[in-house]
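The structure under discussion appears below in the form of C-alpha cells.
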2 protein chains.
Amino acid sequence: MLTEERHQLIRDQLAADGKVLAGELASRFGVSEDTVRRDLRELAKAGQLRRVYGGAVASAPFAAATLSQRSGHAVEEKTRLAKAAVGLLVPGQSLFIDGGTTNEAIARTIPRDMELTIATNSLGVASALADRPLVELIVLGGRYVPDLGTCVGADTLAAVAQLGADLFFLGSCGLDAARGVTAFDSAEAEVKRAMAKNSAGIVIAVTNDKLATAAPYRVAGADAIRHLVVEKTAPAVALADFQSQGAQIHFA
Amino acid sequence: MLTEERHQLIRDQLAADGKVLAGELASRFGVSEDTVRRDLRELAKAGQLRRVYGGAVASAPFAAATLSQRSGHAVEEKTRLAKAAVGLLVPGQSLFIDGGTTNEAIARTIPRDMELTIATNSLGVASALADRPLVELIVLGGRYVPDLGTCVGADTLAAVAQLGADLFFLGSCGLDAARGVTAFDSAEAEVKRAMAKNSAGIVIAVTNDKLATAAPYRVAGADAIRHLVVEKTAPAVALADFQSQGAQIHFA
DNA sequence: CTGTTTCTTGCATGAACAGGCAAAACATGC
DNA sequence: GCATGTTTTGCCTGTTCATGCAAGAAACAG
C-alpha cells in the first residue's frame, strides 16, 4: 500500500465521518500505529486535518484556497505566465476561459477588485472565481470530463453560442505555427472552436513544452491568436511565425 | 514492447485504478524496475500522473475541494444526515442535486465505488463529485449566484428540462407542512421546481432549524416529498404532517 | 498520585530512488 | 556494406525514503 493511498483514505474518512482513530486506521491499513501517526502528522502539517489525542478530526478552515494545487508540475512557470496574462485584462471586459492548469492559475491570479464577466466550462476555473465579488460568473454546463476538468458536449456548445466575449483564454493544447492551435479531443476542440468564434481575440499562455507541438484536432489557425504569453526562455524560432501572423508576444 | 505501449498501459491502469506500483508494472511488462521508473518519470514530467514513493497515482485536478465548508455550522449534524441520505441511493440511479451545505455533505459522502448519473447546478457538489470515477457528472450551467453557490437562470432551466432523474436532493430551504417546500429567491425556486418536475421522487435532508420555517417562494407541496431525512432530535409534531402526506421519515 | 495510553524522537533496516555507464537495438549517412 | 550517432535498456553505486521498534515524554483516567 502506497503512503499516498493511506493519505487519500484518511481524507475520505475525514470527509465522511469528521474524525479518524489512529489505532483503527493502523489495523485497517495493516501498518503500525507509528506509521499512521506519521501520516496524521504530515496531513496536519499540510492543514488537511487537525490532530487530536487518539486520532484526528476534520480541520475547520478547510478553505478553498489551494483548490487545485496540482502536482507542483511547472507551478512557478505557470504562476509567472498567469501574472503576465492577467496584465492583459481591462476592467469591464467579458472573457471566455476554458480548462487547463495554466488557465486555473490565471483565474486565481485575477485580482479581487477587478470587475469582469467570465464564462467558463472548467470546474477549476469556476471554483477559483466563485468568491470574486465583482466577477459575474457564467458556468457553461454540460457533460463533465474528469480528464480535462471541463464540460463539453451539445449543452456546452449551446451555452457558448449565446454568449460573446472580448477575450478567449485558450488553454492546454498543442501550438504549432503551421497547424495552429490543436487539441487532443474532438469534443474539447469543438467547444474551443465555438468560444474562438464568439470572441474578439484569443489569448494563449503556454509553457515551453507546448510550443511546436501538435495534437490531432484543429482548433484555430495561428493567425487567430491575438496575444501569446510565453516564458522568457521560449525559443525565438518557435515564436517568429506567430508574430508574423499578427500575434503579440508577451514574455512572462 | 514499445515504450509508448507501456506508457499507454500505465495511463490505462491509472485511469482504472487511480494508482500503479513500479514493481508490479515491471513484472507485468517484463522489463526492469529501472525502465518502469523512467517511464513514470517521463509521464510525471508531462503532468499525466503524480509520482509517489513506490509507484504513481492519478494527478487529481482538485483533490480536497470542499468549496464552502460554510463556517462549520452544524457540521456533525450534516455529516450524519448525509450518511443517512446516501443510504437511500441505489447504484445506477440518476440524481438531481441542488445547492446547500447539506447537499455538499451528501455529495462528499457518496462512496467512490457507486455508479451514478448526477446532474447538479451547485459548484460545491460538482467539485466534490469531480474525482468520482464512476459518477457520470452533468454540470447544469447558468448565471452563478455566489450567495447560493449554484447556477440559476434560463440556461439552467433549459438544461434541467432536457434531463430526468430518479431522485432529486432538494436542499437548503424552508420546510413547513402547510406551505410545503419554500425558497428565498425567485430564480432559485424556479430551478428547484424544474428539477422537481423532472424527478420521480424528492429527497430532503434538513437540520432541525429548517423545520417549520417558510420562505417567500413556493417550490413544491408537502405531498411531493418522498423521503425526509432528519436528525434524531427532530420534534415529532413537525414530522407527523409530512408522514401523513406520504413522506418516509429517516432518522440520522 | 499512579498506571495506562498515546505521542515524539532516534535509530536500524530494507526498499525505492536518481545518475552514470555500457551493451544492444535502431536509425542515418556515406 | 560500413561507420556513425541516437535511443533504449539493464546494471551498478551511492543516496534517499518509509517503516517498525525501542525509549523517554506527554496526555489522560481513576
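Quick note on naming: the chains in the C-alpha cells go A, B, ... in the order shown, residues restart at 1 in each chain, and ligands are numbered from 1 in order of appearance.
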
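Using only C-alpha atoms (C1' of nucleotides), one finds that the residues of chain B close to chain D, at 8 Å or less, are Ser32, Asp34, Thr35 and Tyr53 of chain B.
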
Residues just named, written with N, CA, C and O atoms as a compact mmCIF listing (two decimals), in the first residue's frame:
```txt
# COMPACT_ATOMS: atom_id res chain seq x y z
N SER B 32 12.85 -4.22 -16.50
CA SER B 32 13.40 -3.94 -15.17
C SER B 32 12.61 -2.80 -14.52
O SER B 32 11.97 -2.00 -15.19
N ASP B 34 13.89 -0.29 -13.24
CA ASP B 34 14.50 0.98 -13.66
C ASP B 34 13.77 1.55 -14.86
O ASP B 34 13.51 2.75 -14.94
N THR B 35 13.46 0.69 -15.81
CA THR B 35 12.75 1.16 -17.00
C THR B 35 11.38 1.71 -16.63
O THR B 35 10.97 2.77 -17.12
N TYR B 53 6.34 7.58 -3.85
CA TYR B 53 7.29 6.54 -3.48
C TYR B 53 6.62 5.18 -3.65
O TYR B 53 5.65 4.87 -2.98
```

- Tell me which protein, DNA and RNA residues are within 6 Å of region 103-114 of chain B, counting only C-alpha atoms (C1' of nucleotides), leaving out same-chain ones fewer than 6 positions away, and put them as a ChimeraX atom specification. /A:16 /B:82,91,125,128,132

- Atomic distance CA of Asp185 (chain A) - CA of Ala215 (chain A), expressed in Å with one decimal: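 Calculated distance between CA of Asp185 (chain A) and CA of Ala215 (chain A) is 8.6 Å.
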
- Query: When distances are computed from only C-alpha atoms (C1' of nucleotides), which of B:Thr3, B:Gly100, B:Gly54, B:Leu137 shows the smallest separation from chain C?
  - Reply: B:Gly54

- Tell me, in Å to one decimal, how far CA of Lys197 (chain B) is from CA of Leu163 (chain B). 10.4 Å

- Message: Residues of chain A were defined as contacting chain C if any atom lay at most 12 Å from it, counting only C-alpha atoms (C1' of nucleotides); please report them as a ChimeraX atom specification.
- Response: /A:2,21-23,33-34,36-38,40-41,51-55

- Item | Coordinates-based distance that separates CA of Glu231 (chain A) from CA of Leu88 (chain A) (Å, one decimal) |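 Separation of CA of Leu88 (chain A) and CA of Glu231 (chain A): 15.5 Å.
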
- Message: Quick check for you: according to DSSP on this backbone, which residues of region 62-244 of chain A are classed as helix (DSSP H, G or I)? Reply as a count of residues only.
- Response: 63

- Task: Extract the full set of strand (DSSP E or B) residues from region 7-196 of chain B according to DSSP on the backbone, and format it as an NGL selection string.
- Result: :B and (19-21 or 50-52 or 55-57 or 94-97 or 116-120 or 122 or 135-139 or 142-145 or 150-152 or 165-170 or 174-176 or 180-183)

- Excluding Ala56 (chain A) and residues on its chain fewer than 5 positions from it, collect all residues at most 6 Å away from it, counting only C-alpha atoms (C1' of nucleotides), and give them as a list in words.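 Near neighbours after the sequence-gap exclusion: Lys19, Val20, Arg50 and Arg51 of chain A.
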
- Message: I'd like the neighbourhood of Gly174 (chain A) as a list in words, where a residue qualifies if any of its atoms comes within 8 Å (using only C-alpha atoms (C1' of nucleotides)), though same-chain residues fewer than 4 positions away should be ignored.
- Response: Val181, Thr182, Ala183, Lys210, Leu211, Ala212, Thr213, Ala214 and Ala215 of chain A

Keeping C-alpha atoms for every residue in the selection just given, could you write it to a file as a compact mmCIF listing (two decimals), in the first residue's frame?
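New file part23.txt:
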```
# COMPACT_ATOMS: atom_id res chain seq x y z
CA VAL A 181 -3.87 25.54 -32.26
CA THR A 182 -4.74 21.88 -31.81
CA ALA A 183 -6.48 19.79 -29.13
CA LYS A 210 3.63 23.10 -25.54
CA LEU A 211 5.42 25.11 -28.23
CA ALA A 212 5.96 23.47 -31.57
CA THR A 213 3.72 20.52 -30.73
CA ALA A 214 0.55 19.48 -32.45
CA ALA A 215 -2.46 17.35 -31.48
```

Would you mind listing what lies within 7 Å of region 188-193 of chain B as a CSV table (one decimal) with C-alpha atoms, in the first residue's frame, with only C-alpha atoms (C1' of nucleotides) counted and same-chain residues fewer than 4 positions away left out?
```csv
chain,number,residue,atom,x,y,z
B,152,VAL,CA,-29.7,29.7,-12.0
B,157,LEU,CA,-33.8,25.8,-16.7
B,183,ALA,CA,-37.1,29.1,-1.1
B,197,LYS,CA,-41.0,18.3,-12.1
B,217,TYR,CA,-41.2,31.4,-2.8
B,218,ARG,CA,-43.1,28.2,-3.1
B,219,VAL,CA,-41.3,25.2,-4.6
B,220,ALA,CA,-43.4,22.1,-4.0
```

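Of the listed residues (B:Arg179, B:Arg28, B:Lys232, B:Arg11), B:Arg11 comes nearest to chain A; the distances count only C-alpha atoms.
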